[in-house]
Every structure is written in structure tokens, then in C-alpha cells.
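*Asks:* Can you keep this structure in mind? I'll have questions shortly.
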Amino acid sequence: MEGPSLFLAQKQLRPFRGDIVRKATGNTTAFDPAMLKGLEVRDVFAWGKHLVIQFGDFALRFHFLMFGTFEAEVDKVWVTGDYRRSRMPKLSLEFSNGTFNAFSCSIKIIESRNAKAAYDFGIDIMSRAWNEKRVRKLLRASSGEQIADALLDQDIFAGVGNIIKNEVLAITHVAPTRTVGSLSDAMLRQLVAVTRAFSKQFYLWRRKFELLEHLRTHRKRVCRHCGGVLSREKTGRRERWSYWCPTDQR
Ligand SMILES: [Zn+2]
């Protein structure tokens, strides 16, 4: 799950703030779920690809990795869509007004009464505190990296995943294998601005369950612009799948 999906999750789970965990189960081995029973949810927030549930003395940090996901029912409505999972959740929390189930994710305990304070929201692609100037500076500092690797760097673009990376490179007509240092300052400026704008657009589409129909290159075969066949290759040192048009993206 990429940043915009976590940003959406934070909104969907907001009704659980102030609620008490009635029952906690799941097959997580990181801790005994039963210890959560009776605790009050003080806050729910997202940062980058993390979702954090803050209790009084500690917080739970969820990272959904590549295949993780969650579902939530609030006031008898499944806010995450109708698709039901049949697998056993890593963690399931029952509240007076609903349920939260997390699947295939990593869950860690953060020993802090205020986990939020340790996060740098200036680099969180969805945050109101996102600092464009600082992100540009961080990007320029990684001049030896391939742009596809830099876009996936969570210390520069927290929340950007493979879909956003592929789509932003298509919109800006940049090949994923170009090094940051080979791009002009104007190009880098545009890349940073488009990454922010596209992430917000991703959120709006995701909220209406219509993200996939809007994608240009990610997991596509043919270029929407010139009709040519897209290149598909694992690029960079992160070896993530890139999809790009060799004619339109240089
Ligand atoms: Zn093309």
C-alpha cells in the first residue's frame, strides 16, 4: 500500500479514536493481542507507508509491505469496500462501533506515549506539513542514484511506492534509469511537484475505488500516448518493476 492509501486509512479509522478495544485477536507473533483488550485508542495517523494506532503508553505501527492490506467496518458499513478476506488476520480489533482487521503486514510496538512526535512530516508526500523545498534539496543530494530508486527512497519521498513512481515518470516523460544528476534543475522541480500532485490525485481515485482505470503505464502493455509497446524491466538497485515508453520517456 502506498502513501495515499494509508492517508485514506487514517480517515477511515478515525471513528475509533477515543474508543476502547473490546476484543483483540490475530496470529501476530510480535506480541500477545490480548494485551490490547480494554485499552483506549488515543490517535490514529498515517506517515508515509506506516499506519500508527496510539494507545496510552505505546503505539502499534503497521507496515503493509507489498501485499498487506486491511479492512474496517464502522457503524455496520465496510468503509474499505465490499471485498471480504477469508484469511486469518494478523490482528483484529473489535470496538463498540466496528472492527479493524489487518492482513499480511508487519506490526511493531513503539514504546512511546507520543509516537507522532518522532516522525518527519516534512517528507510525507500526503502531509499538510510537506516541505517541497526540502524534498528538492534531498533529491539533488542523491545525484548518483537512478531517478526510479530516488523516488522510492522513503527518506526523500515517504509514501511513494511503485505505482506512483511509474506514473510520475510517465507524466514527466523521464526514463526510470536516468540518474538524478543527469536531470536539469527544472526537471527535478517538475518531478517533485508532479509527485505531490499525483499522490493527491491517487488519493481521490483510491477513495472512489477507481484508481486502476486511471493508470497510464503501471502494469500496462501499450503506451497510451504513441501506441508503442512499453518497456517492462526491474530497474536500479532496488530492482522494482518499471514500466515505461522508450519513445516518450527519455
Ligand atoms: Zn509512447
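So you can find residues: chains in the C-alpha cells are A, B, ... in the order shown, residues in each start at 1, and ligands are numbered from 1 in order.
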Ligand 1: which residues are within 6 Å, counting only C-alpha atoms and all ligand atoms? Reply as a PyMOL selection string.
*Replies:* chain A and resi 223+225-228+245+247-248
*Asks:* Would you mind listing what lies within 9 Å of segment 65-75 of chain A as an NGL selection string, with only C-alpha atoms counted and same-chain residues fewer than 3 positions away left out?
*Replies:* :A and (1 or 9 or 12-13 or 15-16 or 49 or 78-81 or 83-85 or 89 or 96-106)
*Asks:* With only C-alpha atoms as the counted atoms, please give the residues lying no more than 10 Å from Ile163 of chain A, apart from itself and same-chain residues fewer than 5 positions off, as a short mmCIF file (atom, residue, chain, number, x, y, z; two decimals) with C-alpha atoms, in the first residue's frame.
*Replies:*
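Written output follows (part38.cif):
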```
data_model
loop_
_atom_site.label_atom_id
_atom_site.label_comp_id
_atom_site.auth_asym_id
_atom_site.auth_seq_id
_atom_site.Cartn_x
_atom_site.Cartn_y
_atom_site.Cartn_z
CA MET A 1 0.00 0.00 0.00
CA GLU A 2 1.28 3.43 -0.94
CA VAL A 168 5.08 10.16 -12.24
CA SER A 199 -0.19 11.41 -4.93
CA PHE A 202 -4.15 8.92 -6.41
CA LEU A 212 -6.67 1.22 -11.59
CA LEU A 215 -3.18 4.40 -14.56
CA ARG A 216 -1.08 5.14 -17.67
CA THR A 217 1.87 2.76 -17.55
CA HIS A 218 1.89 0.72 -14.35
CA ARG A 219 1.32 -2.94 -15.41
CA TRP A 241 9.33 -3.32 -11.84
CA SER A 242 9.40 -0.29 -14.08
CA TYR A 243 7.02 0.23 -16.99
#
```
*Asks:* Could you pull out the alpha helix (DSSP H) residues of segment 30-244 of chain A from DSSP and send them as a compact mmCIF listing (two decimals) with all heavy atoms, in the first residue's frame?
*Replies:*
```
# COMPACT_ATOMS: atom_id res chain seq x y z
N GLU A 132 8.24 21.20 0.17
CA GLU A 132 8.71 21.00 -1.20
C GLU A 132 10.19 21.36 -1.37
O GLU A 132 10.95 20.62 -2.00
CB GLU A 132 7.85 21.84 -2.15
CG GLU A 132 8.20 21.67 -3.61
CD GLU A 132 7.09 22.17 -4.54
OE1 GLU A 132 6.13 22.79 -4.05
OE2 GLU A 132 7.20 21.91 -5.74
N LYS A 133 10.57 22.47 -0.77
CA LYS A 133 11.94 22.94 -0.92
C LYS A 133 12.94 21.93 -0.34
O LYS A 133 13.97 21.63 -0.94
CB LYS A 133 12.06 24.27 -0.16
CG LYS A 133 13.01 25.25 -0.80
CD LYS A 133 12.87 26.60 -0.13
CE LYS A 133 14.18 27.37 -0.26
NZ LYS A 133 14.12 28.65 0.45
N ARG A 134 12.59 21.41 0.82
CA ARG A 134 13.47 20.45 1.48
C ARG A 134 13.57 19.13 0.70
O ARG A 134 14.64 18.55 0.57
CB ARG A 134 12.99 20.17 2.91
CG ARG A 134 14.05 19.53 3.76
CD ARG A 134 13.96 20.03 5.19
NE ARG A 134 12.77 19.55 5.87
CZ ARG A 134 12.64 18.30 6.31
NH1 ARG A 134 13.62 17.44 6.17
NH2 ARG A 134 11.55 17.93 6.91
N VAL A 135 12.43 18.72 0.16
CA VAL A 135 12.43 17.48 -0.63
C VAL A 135 13.31 17.65 -1.87
O VAL A 135 14.08 16.76 -2.23
CB VAL A 135 10.97 17.10 -1.03
CG1 VAL A 135 10.96 15.98 -2.06
CG2 VAL A 135 10.19 16.68 0.22
N ARG A 136 13.24 18.83 -2.51
CA ARG A 136 14.08 19.10 -3.68
C ARG A 136 15.55 19.01 -3.32
O ARG A 136 16.37 18.46 -4.05
CB ARG A 136 13.78 20.50 -4.23
CG ARG A 136 12.63 20.54 -5.20
CD ARG A 136 12.74 21.74 -6.13
NE ARG A 136 12.85 22.99 -5.44
CZ ARG A 136 11.81 23.82 -5.22
NH1 ARG A 136 10.60 23.51 -5.63
NH2 ARG A 136 11.99 24.96 -4.61
N LYS A 137 15.87 19.56 -2.15
CA LYS A 137 17.26 19.55 -1.69
C LYS A 137 17.74 18.11 -1.45
O LYS A 137 18.84 17.73 -1.85
CB LYS A 137 17.36 20.37 -0.39
CG LYS A 137 18.73 20.90 -0.12
CD LYS A 137 18.71 21.83 1.09
CE LYS A 137 20.11 21.87 1.69
NZ LYS A 137 20.11 22.45 3.04
N LEU A 138 16.89 17.32 -0.82
CA LEU A 138 17.23 15.91 -0.55
C LEU A 138 17.41 15.14 -1.86
O LEU A 138 18.31 14.31 -1.99
CB LEU A 138 16.13 15.25 0.29
CG LEU A 138 16.04 15.70 1.76
CD1 LEU A 138 14.72 15.22 2.37
CD2 LEU A 138 17.22 15.16 2.56
N LEU A 139 16.55 15.45 -2.83
CA LEU A 139 16.62 14.77 -4.12
C LEU A 139 17.93 15.12 -4.84
O LEU A 139 18.64 14.23 -5.32
CB LEU A 139 15.41 15.14 -4.99
CG LEU A 139 15.35 14.50 -6.38
CD1 LEU A 139 15.36 12.97 -6.29
CD2 LEU A 139 14.11 14.96 -7.14
N ARG A 140 18.26 16.40 -4.87
CA ARG A 140 19.51 16.82 -5.53
C ARG A 140 20.72 16.17 -4.89
O ARG A 140 21.71 15.89 -5.55
CB ARG A 140 19.66 18.34 -5.45
CG ARG A 140 18.78 19.09 -6.41
CD ARG A 140 19.22 20.56 -6.50
NE ARG A 140 18.14 21.39 -7.00
CZ ARG A 140 17.41 22.22 -6.23
NH1 ARG A 140 17.66 22.34 -4.94
NH2 ARG A 140 16.46 22.94 -6.77
N ILE A 147 16.73 7.80 -11.02
CA ILE A 147 15.55 8.54 -10.55
C ILE A 147 14.48 7.59 -9.98
O ILE A 147 13.81 7.92 -9.00
CB ILE A 147 14.98 9.46 -11.67
CG1 ILE A 147 13.85 10.33 -11.13
CG2 ILE A 147 14.54 8.69 -12.89
CD1 ILE A 147 14.23 11.32 -10.04
N ALA A 148 14.36 6.38 -10.56
CA ALA A 148 13.36 5.43 -10.06
C ALA A 148 13.69 5.01 -8.62
O ALA A 148 12.80 4.85 -7.79
CB ALA A 148 13.27 4.21 -10.97
N ASP A 149 14.98 4.84 -8.33
CA ASP A 149 15.39 4.50 -6.97
C ASP A 149 15.14 5.67 -6.02
O ASP A 149 14.67 5.48 -4.89
CB ASP A 149 16.88 4.14 -6.93
CG ASP A 149 17.13 2.70 -7.37
OD1 ASP A 149 16.20 1.88 -7.26
OD2 ASP A 149 18.26 2.41 -7.82
N ALA A 150 15.46 6.89 -6.47
CA ALA A 150 15.30 8.07 -5.62
C ALA A 150 13.83 8.30 -5.27
O ALA A 150 13.49 8.66 -4.14
CB ALA A 150 15.88 9.31 -6.31
N LEU A 151 12.94 8.06 -6.24
CA LEU A 151 11.50 8.26 -5.98
C LEU A 151 10.98 7.26 -4.94
O LEU A 151 10.03 7.55 -4.22
CB LEU A 151 10.69 8.11 -7.27
CG LEU A 151 10.69 9.34 -8.19
CD1 LEU A 151 10.13 8.98 -9.56
CD2 LEU A 151 9.85 10.47 -7.58
N ASN A 162 5.68 1.92 -5.86
CA ASN A 162 5.99 1.62 -7.25
C ASN A 162 4.99 2.17 -8.26
O ASN A 162 5.36 2.57 -9.36
CB ASN A 162 6.14 0.10 -7.41
CG ASN A 162 7.14 -0.25 -8.47
OD1 ASN A 162 8.12 0.47 -8.68
ND2 ASN A 162 6.89 -1.34 -9.18
N ILE A 163 3.71 2.21 -7.87
CA ILE A 163 2.70 2.75 -8.80
C ILE A 163 2.95 4.24 -9.02
O ILE A 163 3.04 4.71 -10.16
CB ILE A 163 1.26 2.56 -8.25
CG1 ILE A 163 0.94 1.07 -8.09
CG2 ILE A 163 0.24 3.23 -9.16
CD1 ILE A 163 -0.43 0.80 -7.45
N ILE A 164 3.11 4.98 -7.93
CA ILE A 164 3.33 6.43 -8.05
C ILE A 164 4.61 6.69 -8.85
O ILE A 164 4.64 7.53 -9.74
CB ILE A 164 3.41 7.11 -6.66
CG1 ILE A 164 2.06 6.96 -5.94
CG2 ILE A 164 3.80 8.58 -6.78
CD1 ILE A 164 2.04 7.51 -4.51
N LYS A 165 5.65 5.93 -8.55
CA LYS A 165 6.93 6.08 -9.28
C LYS A 165 6.72 5.94 -10.78
O LYS A 165 7.10 6.81 -11.57
CB LYS A 165 7.92 5.03 -8.79
CG LYS A 165 9.24 5.04 -9.52
CD LYS A 165 9.91 3.66 -9.51
CE LYS A 165 9.38 2.76 -10.60
NZ LYS A 165 9.94 1.42 -10.63
N ASN A 166 6.10 4.84 -11.20
CA ASN A 166 5.92 4.60 -12.64
C ASN A 166 5.05 5.66 -13.30
O ASN A 166 5.33 6.12 -14.40
CB ASN A 166 5.31 3.21 -12.86
CG ASN A 166 6.34 2.10 -12.67
OD1 ASN A 166 7.52 2.28 -12.93
ND2 ASN A 166 5.89 0.95 -12.20
N GLU A 167 4.01 6.07 -12.64
CA GLU A 167 3.09 7.05 -13.22
C GLU A 167 3.71 8.44 -13.29
O GLU A 167 3.55 9.14 -14.29
CB GLU A 167 1.78 7.09 -12.40
CG GLU A 167 1.00 5.79 -12.46
CD GLU A 167 0.49 5.45 -13.86
OE1 GLU A 167 -0.18 6.31 -14.45
OE2 GLU A 167 0.78 4.35 -14.36
N VAL A 168 4.44 8.83 -12.24
CA VAL A 168 5.08 10.16 -12.24
C VAL A 168 6.12 10.24 -13.36
O VAL A 168 6.23 11.25 -14.06
CB VAL A 168 5.72 10.45 -10.86
CG1 VAL A 168 6.70 11.61 -10.95
CG2 VAL A 168 4.63 10.75 -9.84
N LEU A 169 6.88 9.17 -13.57
CA LEU A 169 7.89 9.17 -14.63
C LEU A 169 7.22 9.24 -16.02
O LEU A 169 7.76 9.86 -16.94
CB LEU A 169 8.79 7.94 -14.51
CG LEU A 169 9.72 7.97 -13.28
CD1 LEU A 169 10.49 6.66 -13.15
CD2 LEU A 169 10.70 9.15 -13.36
N ALA A 170 6.04 8.63 -16.14
CA ALA A 170 5.31 8.70 -17.42
C ALA A 170 4.80 10.12 -17.66
O ALA A 170 4.94 10.66 -18.76
CB ALA A 170 4.14 7.71 -17.41
N ILE A 171 4.24 10.73 -16.63
CA ILE A 171 3.68 12.08 -16.77
C ILE A 171 4.78 13.08 -17.12
O ILE A 171 4.58 13.99 -17.93
CB ILE A 171 2.98 12.52 -15.45
CG1 ILE A 171 1.75 11.66 -15.19
CG2 ILE A 171 2.58 14.00 -15.51
CD1 ILE A 171 1.17 11.80 -13.78
N ASP A 185 17.73 21.13 -13.40
CA ASP A 185 17.07 21.61 -12.19
C ASP A 185 15.57 21.80 -12.42
O ASP A 185 14.76 21.48 -11.56
CB ASP A 185 17.72 22.92 -11.73
CG ASP A 185 17.43 23.16 -10.26
OD1 ASP A 185 17.73 22.25 -9.45
OD2 ASP A 185 16.86 24.20 -9.94
N ALA A 186 15.23 22.27 -13.62
CA ALA A 186 13.81 22.47 -13.95
C ALA A 186 13.08 21.13 -13.95
O ALA A 186 11.94 21.03 -13.47
CB ALA A 186 13.68 23.15 -15.31
N MET A 187 13.74 20.08 -14.46
CA MET A 187 13.13 18.75 -14.48
C MET A 187 12.91 18.22 -13.07
O MET A 187 11.88 17.62 -12.77
CB MET A 187 14.03 17.77 -15.26
CG MET A 187 13.85 17.75 -16.76
SD MET A 187 12.12 17.58 -17.28
CE MET A 187 11.65 16.11 -16.37
N LEU A 188 13.92 18.42 -12.21
CA LEU A 188 13.80 17.93 -10.83
C LEU A 188 12.68 18.65 -10.10
O LEU A 188 11.90 18.03 -9.37
CB LEU A 188 15.13 18.11 -10.09
CG LEU A 188 16.28 17.24 -10.62
CD1 LEU A 188 17.56 17.52 -9.85
CD2 LEU A 188 15.95 15.75 -10.51
N ARG A 189 12.58 19.94 -10.34
CA ARG A 189 11.48 20.73 -9.76
C ARG A 189 10.15 20.16 -10.19
O ARG A 189 9.25 19.96 -9.39
CB ARG A 189 11.53 22.17 -10.28
CG ARG A 189 12.32 23.10 -9.45
CD ARG A 189 12.39 24.48 -10.09
NE ARG A 189 13.11 25.34 -9.19
CZ ARG A 189 12.56 26.02 -8.18
NH1 ARG A 189 11.26 25.99 -7.99
NH2 ARG A 189 13.30 26.73 -7.37
N GLN A 190 10.04 19.89 -11.48
CA GLN A 190 8.78 19.38 -12.03
C GLN A 190 8.48 17.99 -11.44
O GLN A 190 7.34 17.70 -11.07
CB GLN A 190 8.87 19.31 -13.56
CG GLN A 190 7.50 19.15 -14.20
CD GLN A 190 7.54 18.52 -15.57
OE1 GLN A 190 8.60 18.30 -16.15
NE2 GLN A 190 6.37 18.21 -16.11
N LEU A 191 9.50 17.15 -11.34
CA LEU A 191 9.31 15.80 -10.79
C LEU A 191 8.77 15.84 -9.36
O LEU A 191 7.85 15.10 -9.01
CB LEU A 191 10.64 15.05 -10.80
CG LEU A 191 10.90 14.20 -12.05
CD1 LEU A 191 12.37 13.86 -12.18
CD2 LEU A 191 10.07 12.92 -11.98
N VAL A 192 9.34 16.72 -8.56
CA VAL A 192 8.91 16.83 -7.16
C VAL A 192 7.45 17.33 -7.10
O VAL A 192 6.63 16.77 -6.38
CB VAL A 192 9.85 17.76 -6.37
CG1 VAL A 192 9.28 18.09 -5.00
CG2 VAL A 192 11.23 17.10 -6.23
N ALA A 193 7.14 18.34 -7.89
CA ALA A 193 5.79 18.92 -7.88
C ALA A 193 4.76 17.90 -8.40
O ALA A 193 3.68 17.76 -7.82
CB ALA A 193 5.75 20.19 -8.73
N VAL A 194 5.12 17.17 -9.46
CA VAL A 194 4.19 16.19 -10.03
C VAL A 194 3.99 15.02 -9.06
O VAL A 194 2.89 14.48 -8.94
CB VAL A 194 4.68 15.70 -11.41
CG1 VAL A 194 3.88 14.48 -11.88
CG2 VAL A 194 4.57 16.81 -12.44
N THR A 195 5.04 14.65 -8.33
CA THR A 195 4.91 13.54 -7.37
C THR A 195 3.90 13.90 -6.29
O THR A 195 3.05 13.09 -5.92
CB THR A 195 6.28 13.21 -6.73
OG1 THR A 195 7.21 12.92 -7.78
CG2 THR A 195 6.18 12.00 -5.82
N ARG A 196 3.97 15.12 -5.83
CA ARG A 196 3.00 15.59 -4.83
C ARG A 196 1.57 15.62 -5.43
O ARG A 196 0.63 15.09 -4.85
CB ARG A 196 3.41 16.99 -4.37
CG ARG A 196 2.39 17.75 -3.57
CD ARG A 196 2.27 17.25 -2.16
NE ARG A 196 1.60 18.24 -1.30
CZ ARG A 196 1.32 18.05 -0.03
NH1 ARG A 196 1.63 16.91 0.54
NH2 ARG A 196 0.73 18.99 0.68
N ALA A 197 1.44 16.23 -6.61
CA ALA A 197 0.12 16.38 -7.23
C ALA A 197 -0.48 15.02 -7.57
O ALA A 197 -1.67 14.78 -7.33
CB ALA A 197 0.22 17.25 -8.48
N PHE A 198 0.35 14.12 -8.10
CA PHE A 198 -0.18 12.81 -8.48
C PHE A 198 -0.60 12.01 -7.24
O PHE A 198 -1.60 11.30 -7.26
CB PHE A 198 0.82 12.01 -9.32
CG PHE A 198 0.26 10.66 -9.72
CD1 PHE A 198 -0.63 10.56 -10.78
CD2 PHE A 198 0.57 9.52 -9.01
CE1 PHE A 198 -1.22 9.34 -11.12
CE2 PHE A 198 -0.01 8.29 -9.34
CZ PHE A 198 -0.90 8.20 -10.40
N SER A 199 0.15 12.14 -6.16
CA SER A 199 -0.19 11.41 -4.93
C SER A 199 -1.55 11.85 -4.41
O SER A 199 -2.35 11.03 -3.94
CB SER A 199 0.88 11.64 -3.86
OG SER A 199 2.12 11.13 -4.31
N LYS A 200 -1.82 13.15 -4.52
CA LYS A 200 -3.13 13.66 -4.08
C LYS A 200 -4.24 13.15 -5.00
O LYS A 200 -5.33 12.80 -4.54
CB LYS A 200 -3.11 15.18 -4.05
CG LYS A 200 -2.21 15.70 -2.94
CD LYS A 200 -2.43 17.19 -2.74
CE LYS A 200 -2.07 17.55 -1.30
NZ LYS A 200 -2.48 18.91 -0.97
N GLN A 201 -3.94 13.11 -6.30
CA GLN A 201 -4.91 12.59 -7.26
C GLN A 201 -5.17 11.10 -7.01
O GLN A 201 -6.30 10.62 -7.06
CB GLN A 201 -4.38 12.81 -8.69
CG GLN A 201 -5.32 12.34 -9.78
CD GLN A 201 -6.65 13.08 -9.76
OE1 GLN A 201 -6.72 14.29 -9.97
NE2 GLN A 201 -7.73 12.37 -9.45
N PHE A 202 -4.10 10.36 -6.74
CA PHE A 202 -4.15 8.92 -6.41
C PHE A 202 -5.15 8.74 -5.25
O PHE A 202 -6.03 7.86 -5.29
CB PHE A 202 -2.74 8.49 -6.00
CG PHE A 202 -2.53 7.03 -5.64
CD1 PHE A 202 -1.53 6.29 -6.25
CD2 PHE A 202 -3.28 6.41 -4.64
CE1 PHE A 202 -1.29 4.96 -5.91
CE2 PHE A 202 -3.05 5.08 -4.29
CZ PHE A 202 -2.05 4.37 -4.92
N TYR A 203 -5.03 9.58 -4.25
CA TYR A 203 -5.92 9.51 -3.09
C TYR A 203 -7.40 9.68 -3.49
O TYR A 203 -8.26 8.92 -3.07
CB TYR A 203 -5.51 10.56 -2.06
CG TYR A 203 -6.55 10.82 -1.00
CD1 TYR A 203 -6.81 9.88 -0.01
CD2 TYR A 203 -7.31 11.99 -1.01
CE1 TYR A 203 -7.78 10.10 0.95
CE2 TYR A 203 -8.27 12.22 -0.06
CZ TYR A 203 -8.51 11.27 0.92
OH TYR A 203 -9.48 11.49 1.85
N LEU A 204 -7.66 10.67 -4.34
CA LEU A 204 -9.05 10.93 -4.75
C LEU A 204 -9.62 9.76 -5.54
O LEU A 204 -10.78 9.37 -5.37
CB LEU A 204 -9.12 12.22 -5.58
CG LEU A 204 -8.73 13.50 -4.82
CD1 LEU A 204 -8.69 14.69 -5.78
CD2 LEU A 204 -9.71 13.77 -3.68
N TRP A 205 -8.78 9.16 -6.41
CA TRP A 205 -9.25 7.99 -7.18
C TRP A 205 -9.43 6.78 -6.27
O TRP A 205 -10.40 6.06 -6.36
CB TRP A 205 -8.23 7.65 -8.28
CG TRP A 205 -8.23 8.59 -9.43
CD1 TRP A 205 -9.29 9.31 -9.90
CD2 TRP A 205 -7.11 8.92 -10.26
NE1 TRP A 205 -8.89 10.07 -10.99
CE2 TRP A 205 -7.57 9.84 -11.23
CE3 TRP A 205 -5.77 8.52 -10.30
CZ2 TRP A 205 -6.74 10.36 -12.22
CZ3 TRP A 205 -4.95 9.03 -11.29
CH2 TRP A 205 -5.43 9.96 -12.23
N ARG A 206 -8.48 6.58 -5.39
CA ARG A 206 -8.49 5.43 -4.49
C ARG A 206 -9.73 5.45 -3.60
O ARG A 206 -10.35 4.43 -3.35
CB ARG A 206 -7.20 5.49 -3.66
CG ARG A 206 -6.98 4.43 -2.63
CD ARG A 206 -6.56 3.11 -3.28
NE ARG A 206 -6.39 2.09 -2.27
CZ ARG A 206 -7.38 1.61 -1.51
NH1 ARG A 206 -8.62 2.06 -1.67
NH2 ARG A 206 -7.15 0.69 -0.59
N ARG A 207 -10.10 6.66 -3.18
CA ARG A 207 -11.26 6.83 -2.31
C ARG A 207 -12.54 6.36 -2.99
O ARG A 207 -13.48 5.93 -2.36
CB ARG A 207 -11.37 8.32 -1.96
CG ARG A 207 -12.18 8.62 -0.74
CD ARG A 207 -12.08 10.07 -0.37
NE ARG A 207 -12.54 10.95 -1.43
CZ ARG A 207 -12.68 12.26 -1.30
NH1 ARG A 207 -12.38 12.84 -0.16
NH2 ARG A 207 -13.09 12.99 -2.29
```
*Asks:* Residues at most 9 Å from Arg237 of chain A, counting only C-alpha atoms, excluding those fewer than 3 positions away in the same chain, as a list of chain:residue names?
*Replies:* A:Glu145, A:Gln146, A:Asp149, A:Arg240
*Asks:* Please list as a list in words every residue within 9 Å of segment 28-42 of chain A, counting only C-alpha atoms and excluding residues in the same chain fewer than 4 positions away.
*Replies:*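 Using only C-alpha atoms, the neighbours found are Phe16, Arg17, Gly18, Asp19, Ile20, Val21, Arg22, Lys23, Ala24, Ile53, Gln54, Phe55, Gly56, Pro89, Lys90, Leu91, Ser92, Leu93, Ser106, Ile107, Lys108 and Ile109 of chain A.
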*Asks:* Can you list, as a PyMOL selection string, every residue of segment 45-226 of chain A that DSSP puts in strand (DSSP E)?
*Replies:* chain A and resi 45-47+50-54+59-63+69-74+77-78+91-95+98-103+106-110
*Asks:* Using only N, CA and C atoms, please write the residues we just selected to a file, as a compact mmCIF listing (two decimals), in the first residue's frame.
*Replies:*
```
# COMPACT_ATOMS: atom_id res chain seq x y z
N PHE A 45 -2.97 7.66 13.03
CA PHE A 45 -2.40 8.53 11.99
C PHE A 45 -1.55 7.75 11.01
N ALA A 46 -1.33 8.37 9.84
CA ALA A 46 -0.50 7.75 8.80
C ALA A 46 0.72 8.61 8.60
N TRP A 47 1.82 7.96 8.31
CA TRP A 47 3.04 8.66 7.88
C TRP A 47 3.67 7.78 6.80
N HIS A 50 3.36 4.01 6.71
CA HIS A 50 3.03 3.50 8.04
C HIS A 50 1.63 3.93 8.46
N LEU A 51 0.96 3.03 9.19
CA LEU A 51 -0.27 3.40 9.87
C LEU A 51 0.01 3.19 11.34
N VAL A 52 -0.31 4.17 12.16
CA VAL A 52 0.01 4.07 13.60
C VAL A 52 -1.25 4.23 14.44
N ILE A 53 -1.43 3.29 15.37
CA ILE A 53 -2.52 3.40 16.35
C ILE A 53 -1.86 3.68 17.70
N GLN A 54 -2.15 4.85 18.25
CA GLN A 54 -1.54 5.25 19.51
C GLN A 54 -2.45 4.90 20.69
N ALA A 59 2.46 2.62 21.05
CA ALA A 59 1.72 2.67 19.78
C ALA A 59 1.99 1.40 18.99
N LEU A 60 1.08 1.07 18.09
CA LEU A 60 1.29 -0.04 17.16
C LEU A 60 1.55 0.56 15.79
N ARG A 61 2.65 0.13 15.17
CA ARG A 61 3.00 0.63 13.84
C ARG A 61 2.78 -0.48 12.82
N PHE A 62 1.90 -0.24 11.87
CA PHE A 62 1.61 -1.20 10.81
C PHE A 62 2.34 -0.78 9.55
N HIS A 63 3.00 -1.76 8.92
CA HIS A 63 3.62 -1.52 7.62
C HIS A 63 3.08 -2.61 6.71
N THR A 69 -2.79 -5.62 3.55
CA THR A 69 -3.99 -4.84 3.37
C THR A 69 -4.80 -4.84 4.68
N PHE A 70 -5.87 -4.08 4.70
CA PHE A 70 -6.71 -4.09 5.90
C PHE A 70 -8.16 -3.89 5.48
N GLU A 71 -9.06 -4.16 6.38
CA GLU A 71 -10.48 -3.86 6.15
C GLU A 71 -11.05 -3.31 7.45
N ALA A 72 -12.06 -2.49 7.32
CA ALA A 72 -12.65 -1.90 8.51
C ALA A 72 -14.15 -1.73 8.34
N GLU A 73 -14.87 -2.06 9.41
CA GLU A 73 -16.32 -1.84 9.44
C GLU A 73 -16.59 -0.79 10.50
N VAL A 74 -17.26 0.28 10.11
CA VAL A 74 -17.59 1.33 11.06
C VAL A 74 -19.10 1.55 11.02
N VAL A 77 -20.96 -0.44 8.39
CA VAL A 77 -20.64 -0.23 6.97
C VAL A 77 -19.17 -0.58 6.76
N TRP A 78 -18.89 -1.40 5.73
CA TRP A 78 -17.49 -1.72 5.42
C TRP A 78 -16.90 -0.55 4.65
N LEU A 91 -3.95 -9.12 12.85
CA LEU A 91 -4.52 -8.53 14.05
C LEU A 91 -5.96 -8.10 13.74
N SER A 92 -6.85 -8.39 14.66
CA SER A 92 -8.24 -7.98 14.53
C SER A 92 -8.63 -7.27 15.81
N LEU A 93 -9.14 -6.05 15.67
CA LEU A 93 -9.57 -5.27 16.84
C LEU A 93 -11.07 -5.02 16.77
N GLU A 94 -11.76 -5.33 17.85
CA GLU A 94 -13.20 -5.06 17.90
C GLU A 94 -13.47 -3.89 18.83
N PHE A 95 -14.27 -2.96 18.31
CA PHE A 95 -14.66 -1.78 19.09
C PHE A 95 -16.17 -1.77 19.26
N GLY A 98 -17.42 -0.94 15.69
CA GLY A 98 -16.90 -1.56 14.48
C GLY A 98 -15.70 -2.46 14.68
N THR A 99 -15.07 -2.82 13.56
CA THR A 99 -13.97 -3.78 13.57
C THR A 99 -12.86 -3.32 12.63
N PHE A 100 -11.62 -3.63 13.00
CA PHE A 100 -10.47 -3.35 12.14
C PHE A 100 -9.68 -4.64 12.00
N ASN A 101 -9.44 -5.09 10.76
CA ASN A 101 -8.65 -6.29 10.51
C ASN A 101 -7.45 -5.95 9.64
N ALA A 102 -6.26 -6.35 10.07
CA ALA A 102 -5.05 -6.10 9.27
C ALA A 102 -4.47 -7.44 8.82
N PHE A 103 -4.08 -7.51 7.51
CA PHE A 103 -3.58 -8.75 6.92
C PHE A 103 -2.18 -8.58 6.34
N SER A 106 3.49 -6.05 8.64
CA SER A 106 4.42 -6.11 9.77
C SER A 106 3.85 -5.19 10.85
N ILE A 107 3.81 -5.66 12.09
CA ILE A 107 3.30 -4.83 13.19
C ILE A 107 4.40 -4.71 14.23
N LYS A 108 4.69 -3.49 14.61
CA LYS A 108 5.72 -3.27 15.63
C LYS A 108 5.18 -2.42 16.76
N ILE A 109 5.69 -2.67 17.96
CA ILE A 109 5.30 -1.84 19.10
C ILE A 109 6.30 -0.69 19.21
N ILE A 110 5.80 0.53 19.29
CA ILE A 110 6.66 1.68 19.53
C ILE A 110 6.42 2.12 20.97
```
